[in-house]
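Q: Input structure: my_file-v1.cif, which contains mmCIF, C-alpha atoms (C1' of nucleotides).
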data_final
#
loop_
_atom_site.label_atom_id
_atom_site.label_comp_id
_atom_site.auth_asym_id
_atom_site.auth_seq_id
_atom_site.Cartn_x
_atom_site.Cartn_y
_atom_site.Cartn_z
CA MET A 1 -19.30 -45.42 35.71
CA THR A 2 -19.97 -41.83 36.49
CA THR A 3 -20.99 -42.36 40.07
CA ALA A 4 -22.50 -45.53 41.43
CA PRO A 5 -24.91 -48.21 40.35
CA THR A 6 -28.32 -48.32 42.00
CA ALA A 7 -27.98 -44.61 42.48
CA ARG A 8 -30.60 -43.64 39.96
CA THR A 9 -32.20 -40.47 41.10
CA LEU A 10 -35.28 -38.68 39.91
CA PRO A 11 -35.82 -34.93 39.63
CA HIS A 12 -38.23 -33.55 42.19
CA PRO A 13 -39.21 -29.89 42.50
CA GLU A 14 -38.05 -28.22 45.70
CA ARG A 15 -40.68 -27.35 48.24
CA GLU A 16 -40.31 -23.66 47.50
CA ALA A 17 -40.74 -24.25 43.79
CA LEU A 18 -44.15 -25.90 44.02
CA ARG A 19 -46.77 -24.20 41.89
CA LEU A 20 -50.40 -24.22 42.88
CA GLU A 21 -51.62 -24.39 39.28
CA ALA A 22 -49.48 -27.46 38.64
CA VAL A 23 -50.72 -29.20 41.76
CA LEU A 24 -54.34 -28.46 40.94
CA HIS A 25 -53.82 -29.68 37.40
CA ALA A 26 -52.21 -32.86 38.67
CA LEU A 27 -55.13 -33.52 41.00
CA ALA A 28 -57.75 -32.70 38.37
CA ASP A 29 -57.30 -35.97 36.50
CA PRO A 30 -59.48 -38.89 37.66
CA VAL A 31 -56.72 -41.46 37.37
CA ARG A 32 -54.20 -39.33 39.24
CA LEU A 33 -56.69 -38.37 41.91
CA ARG A 34 -57.32 -42.04 42.45
CA VAL A 35 -53.61 -42.69 42.85
CA VAL A 36 -53.28 -39.87 45.34
CA ARG A 37 -56.22 -41.15 47.35
CA GLU A 38 -54.70 -44.62 47.53
CA LEU A 39 -51.38 -43.21 48.60
CA ALA A 40 -53.14 -41.16 51.24
CA VAL A 41 -54.66 -44.15 52.98
CA SER A 42 -51.49 -46.21 52.78
CA GLU A 43 -48.84 -45.76 55.39
CA GLU A 44 -46.28 -47.44 53.17
CA LYS A 45 -44.65 -46.36 49.96
CA LEU A 46 -46.40 -48.09 47.10
CA PRO A 47 -44.93 -49.27 43.81
CA CYS A 48 -46.70 -48.29 40.61
CA SER A 49 -47.63 -51.91 40.02
CA SER A 50 -49.75 -52.03 43.16
CA PHE A 51 -52.33 -49.79 41.56
CA ASP A 52 -55.14 -51.26 39.54
CA LEU A 53 -55.77 -48.48 37.08
CA PRO A 54 -57.94 -48.52 33.94
CA VAL A 55 -55.00 -47.55 31.75
CA THR A 56 -51.93 -49.24 30.35
CA LYS A 57 -48.51 -49.26 31.95
CA SER A 58 -47.28 -46.52 29.64
CA THR A 59 -50.08 -44.25 30.68
CA THR A 60 -49.51 -45.13 34.31
CA THR A 61 -45.91 -44.05 33.97
CA HIS A 62 -47.08 -40.78 32.45
CA HIS A 63 -49.48 -40.04 35.30
CA PHE A 64 -46.88 -40.80 37.95
CA ARG A 65 -44.51 -38.47 36.21
CA VAL A 66 -47.06 -35.66 36.26
CA LEU A 67 -47.62 -36.23 39.95
CA ARG A 68 -43.90 -36.22 40.65
CA GLU A 69 -43.08 -33.18 38.53
CA SER A 70 -45.87 -31.20 40.13
CA GLY A 71 -44.52 -32.08 43.55
CA VAL A 72 -47.47 -34.11 44.77
CA ILE A 73 -45.53 -37.34 45.22
CA ARG A 74 -41.96 -38.40 45.81
CA GLN A 75 -40.59 -41.40 43.96
CA THR A 76 -37.58 -43.48 44.90
CA TYR A 77 -36.13 -46.68 43.59
CA ARG A 78 -36.28 -49.89 45.55
CA GLY A 79 -34.70 -52.66 43.58
CA THR A 80 -36.56 -53.00 40.33
CA ALA A 81 -39.57 -51.20 41.69
CA LYS A 82 -40.16 -47.47 41.99
CA VAL A 83 -42.11 -46.63 45.08
CA SER A 84 -44.19 -43.51 45.58
CA GLU A 85 -45.34 -41.54 48.59
CA LEU A 86 -47.29 -38.35 49.08
CA ARG A 87 -45.25 -35.24 49.87
CA ARG A 88 -47.61 -34.42 52.70
CA THR A 89 -45.23 -32.26 54.72
CA ASP A 90 -44.09 -30.20 51.77
CA LEU A 91 -47.60 -29.70 50.47
CA GLU A 92 -48.89 -28.75 53.89
CA ALA A 93 -46.07 -26.24 54.32
CA VAL A 94 -46.73 -24.48 51.05
CA PHE A 95 -50.45 -25.05 50.51
CA PRO A 96 -51.85 -25.59 53.99
CA GLY A 97 -55.08 -27.54 54.12
CA LEU A 98 -55.21 -28.05 50.38
CA LEU A 99 -54.44 -31.74 50.18
CA ASP A 100 -56.73 -32.63 53.07
CA SER A 101 -59.66 -30.71 51.62
CA VAL A 102 -59.16 -32.36 48.24
CA LEU A 103 -58.95 -35.81 49.80
CA HIS A 104 -61.99 -35.14 51.94
CA SER A 105 -63.93 -33.74 49.00
CA ALA A 106 -63.04 -36.75 46.89
CA ALA A 107 -64.24 -39.14 49.58
CA ARG A 108 -67.42 -37.13 49.97
CA GLN A 109 -68.04 -37.12 46.25
CA GLU A 110 -67.53 -40.85 46.01
CA ARG A 111 -70.11 -41.37 48.72
CA ARG A 112 -72.45 -38.93 47.02
CA LEU A 113 -72.15 -40.34 43.52
CA GLY A 114 -71.97 -43.95 44.55
CA SER A 115 -68.36 -45.12 44.41
CA GLY A 116 -68.00 -43.98 40.81
CA MET Q 1 -92.34 -13.82 23.07
CA THR Q 2 -91.96 -17.12 24.72
CA THR Q 3 -91.57 -15.74 28.18
CA ALA Q 4 -90.17 -12.34 28.86
CA PRO Q 5 -87.47 -10.09 27.52
CA THR Q 6 -84.40 -9.61 29.67
CA ALA Q 7 -85.08 -13.06 30.99
CA ARG Q 8 -82.03 -14.67 29.44
CA THR Q 9 -80.92 -17.44 31.68
CA LEU Q 10 -77.73 -19.41 31.80
CA PRO Q 11 -77.27 -23.10 32.59
CA HIS Q 12 -75.63 -23.73 35.95
CA PRO Q 13 -74.90 -27.17 37.41
CA GLU Q 14 -76.88 -28.04 40.51
CA ARG Q 15 -75.02 -28.17 43.78
CA GLU Q 16 -75.32 -31.94 43.92
CA ALA Q 17 -73.93 -32.27 40.41
CA LEU Q 18 -70.65 -30.51 41.08
CA ARG Q 19 -67.62 -32.59 40.18
CA LEU Q 20 -64.37 -32.22 42.04
CA GLU Q 21 -62.26 -32.91 38.97
CA ALA Q 22 -64.05 -30.18 37.03
CA VAL Q 23 -63.61 -27.66 39.83
CA LEU Q 24 -59.92 -28.46 40.19
CA HIS Q 25 -59.46 -28.21 36.45
CA ALA Q 26 -61.24 -24.87 36.40
CA LEU Q 27 -59.01 -23.53 39.16
CA ALA Q 28 -55.82 -24.90 37.60
CA ASP Q 29 -55.67 -22.22 34.92
CA PRO Q 30 -53.77 -19.04 35.83
CA VAL Q 31 -56.28 -16.71 34.20
CA ARG Q 32 -59.25 -18.38 35.84
CA LEU Q 33 -57.56 -18.58 39.21
CA ARG Q 34 -56.96 -14.85 38.96
CA VAL Q 35 -60.64 -14.25 38.23
CA VAL Q 36 -61.69 -16.38 41.17
CA ARG Q 37 -59.32 -14.54 43.48
CA GLU Q 38 -60.70 -11.19 42.42
CA LEU Q 39 -64.24 -12.40 42.91
CA ALA Q 40 -63.28 -13.67 46.34
CA VAL Q 41 -62.15 -10.29 47.61
CA SER Q 42 -65.07 -8.44 46.10
CA GLU Q 43 -68.32 -8.32 47.97
CA GLU Q 44 -70.18 -7.32 44.83
CA LYS Q 45 -70.96 -9.19 41.69
CA LEU Q 46 -68.47 -8.19 39.03
CA PRO Q 47 -68.99 -7.89 35.28
CA CYS Q 48 -66.49 -9.59 32.99
CA SER Q 49 -65.31 -6.20 31.79
CA SER Q 50 -64.06 -5.27 35.25
CA PHE Q 51 -61.24 -7.77 34.97
CA ASP Q 52 -57.95 -6.76 33.43
CA LEU Q 53 -56.85 -10.03 31.95
CA PRO Q 54 -53.96 -10.67 29.58
CA VAL Q 55 -56.26 -12.23 26.99
CA THR Q 56 -58.80 -11.02 24.48
CA LYS Q 57 -62.51 -10.73 25.07
CA SER Q 58 -63.21 -13.98 23.26
CA THR Q 59 -60.86 -15.85 25.51
CA THR Q 60 -62.30 -14.14 28.56
CA THR Q 61 -65.74 -15.37 27.60
CA HIS Q 62 -64.34 -18.87 27.27
CA HIS Q 63 -62.78 -18.81 30.75
CA PHE Q 64 -65.93 -17.50 32.38
CA ARG Q 65 -67.87 -20.25 30.72
CA VAL Q 66 -65.51 -22.88 32.11
CA LEU Q 67 -65.89 -21.40 35.57
CA ARG Q 68 -69.66 -21.35 35.28
CA GLU Q 69 -70.03 -24.85 33.85
CA SER Q 70 -67.80 -26.29 36.54
CA GLY Q 71 -69.96 -24.63 39.18
CA VAL Q 72 -67.35 -22.27 40.58
CA ILE Q 73 -69.23 -19.09 39.70
CA ARG Q 74 -72.80 -18.02 39.07
CA GLN Q 75 -73.52 -15.59 36.26
CA THR Q 76 -76.59 -13.43 35.85
CA TYR Q 77 -77.55 -10.68 33.49
CA ARG Q 78 -77.77 -7.09 34.58
CA GLY Q 79 -78.65 -4.90 31.66
CA THR Q 80 -76.01 -5.31 29.02
CA ALA Q 81 -73.53 -6.66 31.49
CA LYS Q 82 -73.21 -10.18 32.83
CA VAL Q 83 -72.14 -10.21 36.41
CA SER Q 84 -70.38 -13.07 38.17
CA GLU Q 85 -70.12 -14.19 41.76
CA LEU Q 86 -68.49 -17.10 43.51
CA ARG Q 87 -70.77 -19.97 44.50
CA ARG Q 88 -69.26 -20.00 47.96
CA THR Q 89 -72.14 -21.66 49.76
CA ASP Q 90 -72.56 -24.42 47.22
CA LEU Q 91 -68.85 -25.12 47.05
CA GLU Q 92 -68.52 -25.16 50.82
CA ALA Q 93 -71.44 -27.56 51.10
CA VAL Q 94 -70.03 -30.06 48.66
CA PHE Q 95 -66.27 -29.53 48.97
CA PRO Q 96 -65.80 -28.08 52.45
CA GLY Q 97 -62.65 -26.06 52.91
CA LEU Q 98 -61.54 -26.49 49.33
CA LEU Q 99 -62.11 -22.99 48.02
CA ASP Q 100 -60.61 -21.35 51.08
CA SER Q 101 -57.48 -23.46 50.97
CA VAL Q 102 -57.03 -22.74 47.27
CA LEU Q 103 -57.50 -19.01 47.82
CA HIS Q 104 -55.16 -19.02 50.77
CA SER Q 105 -52.58 -21.05 48.88
CA ALA Q 106 -52.80 -18.68 45.93
CA ALA Q 107 -52.25 -15.66 48.15
CA ARG Q 108 -49.34 -17.38 49.83
CA GLN Q 109 -47.78 -18.30 46.53
CA GLU Q 110 -48.09 -14.77 45.24
CA ARG Q 111 -46.28 -13.50 48.32
CA ARG Q 112 -43.66 -16.19 47.95
CA LEU Q 113 -43.00 -15.72 44.25
CA GLY Q 114 -43.28 -11.97 44.28
CA SER Q 115 -46.70 -10.99 42.94
CA GLY Q 116 -46.13 -12.98 39.78
"C1'" DC I 1 -83.19 5.42 14.88
"C1'" DT I 2 -78.05 5.69 15.62
"C1'" DG I 3 -74.37 4.70 17.77
"C1'" DC I 4 -71.84 2.62 21.82
"C1'" DT I 5 -70.63 -0.88 25.10
"C1'" DC I 6 -70.75 -5.52 26.75
"C1'" DG I 7 -70.62 -9.91 25.80
"C1'" DT I 8 -71.50 -14.19 22.49
"C1'" DA I 9 -70.98 -17.39 18.56
"C1'" DC I 10 -68.38 -19.31 15.17
"C1'" DG I 11 -64.40 -20.69 12.88
"C1'" DA I 12 -59.45 -21.35 12.85
"C1'" DT I 13 -55.00 -22.51 14.86
"C1'" DA I 14 -51.57 -24.06 17.96
"C1'" DT I 15 -50.65 -26.37 21.93
"C1'" DT I 16 -51.30 -29.38 25.50
"C1'" DC I 17 -52.81 -33.62 27.17
"C1'" DC I 18 -54.36 -38.59 27.53
"C1'" DT I 19 -53.81 -42.71 25.56
"C1'" DC I 20 -51.54 -46.48 23.51
"C1'" DG I 21 -47.96 -49.88 21.40
"C1'" DT I 22 -43.42 -51.23 20.81
"C1'" DA I 23 -38.92 -51.52 22.07
"C1'" DG I 24 -35.64 -51.11 25.55
"C1'" DT I 25 -33.20 -50.66 30.35
"C1'" DA I 26 -32.49 -51.99 35.25
"C1'" DC I 27 -32.62 -55.23 38.64
"C1'" DG I 28 -33.20 -59.70 40.93
"C1'" DG I 29 -33.58 -64.73 40.79
"C1'" DT I 30 -32.32 -69.34 38.86
"C1'" DA R 1 -25.88 -66.56 31.35
"C1'" DC R 2 -30.72 -66.51 31.07
"C1'" DC R 3 -35.24 -65.14 32.07
"C1'" DG R 4 -38.94 -62.55 34.31
"C1'" DT R 5 -40.65 -58.40 36.46
"C1'" DA R 6 -40.96 -53.35 36.83
"C1'" DC R 7 -40.72 -49.46 34.69
"C1'" DT R 8 -39.16 -46.12 30.85
"C1'" DA R 9 -38.47 -43.81 26.32
"C1'" DC R 10 -40.09 -42.83 22.09
"C1'" DG R 11 -43.32 -42.08 18.69
"C1'" DA R 12 -48.02 -41.52 17.26
"C1'" DG R 13 -52.95 -40.69 17.24
"C1'" DG R 14 -56.90 -38.33 18.88
"C1'" DA R 15 -59.29 -35.33 22.08
"C1'" DA R 16 -59.44 -31.35 24.72
"C1'" DT R 17 -57.91 -26.72 25.50
"C1'" DA R 18 -56.29 -21.90 25.06
"C1'" DT R 19 -56.01 -18.46 22.07
"C1'" DC R 20 -57.43 -15.27 18.60
"C1'" DG R 21 -60.24 -12.48 14.92
"C1'" DT R 22 -64.40 -11.30 13.00
"C1'" DA R 23 -69.10 -10.88 12.93
"C1'" DC R 24 -73.15 -10.61 15.52
"C1'" DG R 25 -77.01 -9.63 19.28
"C1'" DA R 26 -78.82 -7.26 23.42
"C1'" DG R 27 -79.35 -3.45 25.95
"C1'" DC R 28 -78.63 1.63 27.08
"C1'" DA R 29 -77.80 6.72 25.95
"C1'" DG R 30 -78.33 10.15 22.87
#
So, in terms of structure tokens, how does the structure I just supplied come out?
A:
Amino acid sequence: MTTAPTARTLPHPEREALRLEAVLHALADPVRLRVVRELAVSEEKLPCSSFDLPVTKSTTTHHFRVLRESGVIRQTYRGTAKVSELRRTDLEAVFPGLLDSVLHSAARQERRLGSG
Amino acid sequence: MTTAPTARTLPHPEREALRLEAVLHALADPVRLRVVRELAVSEEKLPCSSFDLPVTKSTTTHHFRVLRESGVIRQTYRGTAKVSELRRTDLEAVFPGLLDSVLHSAARQERRLGSG
DNA sequence: CTGCTCGTACGATATTCCTCGTAGTACGGT
DNA sequence: ACCGTACTACGAGGAATATCGTACGAGCAG
């Protein structure tokens, strides 16, 4: 009864508070990089459950939290689901070209190593 | 007597074996990012001792090893010193634009946060 | 040969991180 | 009210990492 129901909010770092080391660390994990790549090709916000990851739900929650706290993604509630989207504009403003080069490098590497 | 003295070599990953996750992880550490930035502005190969890092020599050795094994730098012996240089060409060939955007983002962040 | 400098190797420690299982909350449908 | 789905919180285990100190090796200057 403090404020309103369905008003659950999640802490996100401000654009100006984004740290390069945290973003690089977030992107350095294979599972998280995979999530980011899927979000990049999707024009819609995706719920966590739409990802087919080789880890349990607990671990999935952990990885999404790392991505959110580092500022790579933004998460909002939609009913019982929590949908995620890339913070493209914020990232581009603070670290111009970084996300695109990572995404491009990841795609290149997948082609090179054979969809591993 | 196997080959020659002063022929100590160090293992470096081939260009085609570079892994994006390993490179991102290597760059995600503040100390290592600092080393990479210094190497980037220097046109000469720098010995480990030319860096003024807030860690001991043992730890410095560790960080340089991580950078070398991830393929970010190349290390060669010169007398008693071991000099390092960025593998710019290799990185650009495999992960185009990545190093530059990281370096640019790091410089930007330093300006933004006040030379932290 | 004797130091001196540069860097390494090894062991130890503390911390972080990835992973999981279980239990629990929030929301929507019946 | 009841159940199912989506996600979380907590605790725990195990691996990786960052850090250090000490002891050591390789080369250079006397």
Q: At a cut-off of 12 Å, which residues of chain A touch chain R? Count only C-alpha atoms (C1' of nucleotides) and give the answer as a PyMOL selection string.
A: chain A and resi 47-50+57-62+64-65+77-83
Q: Quick one: apply the PyMOL selection byres ((chain A and resi 85-101) around 8) to the file and drop the selected residues here as a CSV table (one decimal) with C-alpha atoms, in the coordinates of the input.
A:
chain,number,residue,atom,x,y,z
A,15,ARG,CA,-40.7,-27.4,48.2
A,16,GLU,CA,-40.3,-23.7,47.5
A,18,LEU,CA,-44.2,-25.9,44.0
A,20,LEU,CA,-50.4,-24.2,42.9
A,36,VAL,CA,-53.3,-39.9,45.3
A,39,LEU,CA,-51.4,-43.2,48.6
A,40,ALA,CA,-53.1,-41.2,51.2
A,44,GLU,CA,-46.3,-47.4,53.2
A,45,LYS,CA,-44.6,-46.4,50.0
A,46,LEU,CA,-46.4,-48.1,47.1
A,71,GLY,CA,-44.5,-32.1,43.6
A,72,VAL,CA,-47.5,-34.1,44.8
A,73,ILE,CA,-45.5,-37.3,45.2
A,74,ARG,CA,-42.0,-38.4,45.8
A,75,GLN,CA,-40.6,-41.4,44.0
A,83,VAL,CA,-42.1,-46.6,45.1
A,84,SER,CA,-44.2,-43.5,45.6
A,102,VAL,CA,-59.2,-32.4,48.2
A,103,LEU,CA,-59.0,-35.8,49.8
A,104,HIS,CA,-62.0,-35.1,51.9
A,105,SER,CA,-63.9,-33.7,49.0
Q,95,PHE,CA,-66.3,-29.5,49.0
Q,96,PRO,CA,-65.8,-28.1,52.4
Q,97,GLY,CA,-62.6,-26.1,52.9
Q,98,LEU,CA,-61.5,-26.5,49.3
Q,101,SER,CA,-57.5,-23.5,51.0
Q,102,VAL,CA,-57.0,-22.7,47.3
Q,104,HIS,CA,-55.2,-19.0,50.8
Q,105,SER,CA,-52.6,-21.0,48.9
Q,108,ARG,CA,-49.3,-17.4,49.8
Q,109,GLN,CA,-47.8,-18.3,46.5
Q: Just to confirm, what's the straight-line distance from atom C1' of DT13 of chain I to atom CA of His63 of chain Q in Å (one decimal)?
A: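 Straight-line distance from atom C1' of DT13 of chain I to atom CA of His63 of chain Q works out to 18.1 Å.
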Q: Mind telling me what the PyMOL selection byres ((chain A and resi 24) around 8) catches here, as a ChimeraX atom specification?
A: /A:20-23,25-28 /Q:24-25,27-28
Q: Check the smallest atom-to-atom distance from each of Q:Arg19, Q:Arg111, Q:Arg37, Q:Arg68 to chain A using all atoms listed in the file, then report the winner.
A: Q:Arg19
Q: Segment 11-23 of chain R, all listed atoms, 5 Å padding on each side: what axis-aligned box centre and edge lengths in Å to one decimal come out, as lines of an AutoDock Vina configuration file?
A:
center_x = -56.2
center_y = -26.5
center_z = 19.2
size_x = 35.8
size_y = 41.2
size_z = 22.6
Q: Got a minute to add N, CA and C atoms to segment 48-61 of chain A and dump it as a CSV table (one decimal), keeping the file's coordinate frame?
A:
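To be explicit, this is the file written out as out_17.csv:
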chain,number,residue,atom,x,y,z
A,48,CYS,N,-45.7,-48.6,41.6
A,48,CYS,CA,-46.7,-48.3,40.6
A,48,CYS,C,-47.6,-49.5,40.3
A,49,SER,N,-46.9,-50.7,40.4
A,49,SER,CA,-47.6,-51.9,40.0
A,49,SER,C,-48.7,-52.3,41.0
A,50,SER,N,-48.7,-51.7,42.2
A,50,SER,CA,-49.8,-52.0,43.2
A,50,SER,C,-51.1,-51.3,42.9
A,51,PHE,N,-51.1,-50.5,41.9
A,51,PHE,CA,-52.3,-49.8,41.6
A,51,PHE,C,-53.1,-50.5,40.4
A,52,ASP,N,-54.3,-50.6,40.6
A,52,ASP,CA,-55.1,-51.3,39.5
A,52,ASP,C,-55.9,-50.2,38.8
A,53,LEU,N,-55.2,-49.6,37.8
A,53,LEU,CA,-55.8,-48.5,37.1
A,53,LEU,C,-56.3,-48.9,35.7
A,54,PRO,N,-57.3,-48.2,35.2
A,54,PRO,CA,-57.9,-48.5,33.9
A,54,PRO,C,-57.1,-48.0,32.7
A,55,VAL,N,-55.8,-48.0,32.9
A,55,VAL,CA,-55.0,-47.6,31.8
A,55,VAL,C,-53.8,-48.5,31.6
A,56,THR,N,-53.1,-48.4,30.5
A,56,THR,CA,-51.9,-49.2,30.4
A,56,THR,C,-50.7,-48.8,31.2
A,57,LYS,N,-49.7,-49.6,31.2
A,57,LYS,CA,-48.5,-49.3,32.0
A,57,LYS,C,-47.9,-48.0,31.5
A,58,SER,N,-47.8,-47.8,30.2
A,58,SER,CA,-47.3,-46.5,29.6
A,58,SER,C,-48.0,-45.3,30.2
A,59,THR,N,-49.3,-45.4,30.2
A,59,THR,CA,-50.1,-44.2,30.7
A,59,THR,C,-49.9,-44.1,32.2
A,60,THR,N,-49.8,-45.2,32.9
A,60,THR,CA,-49.5,-45.1,34.3
A,60,THR,C,-48.2,-44.4,34.6
A,61,THR,N,-47.2,-44.7,33.8
A,61,THR,CA,-45.9,-44.0,34.0
A,61,THR,C,-46.1,-42.5,33.8
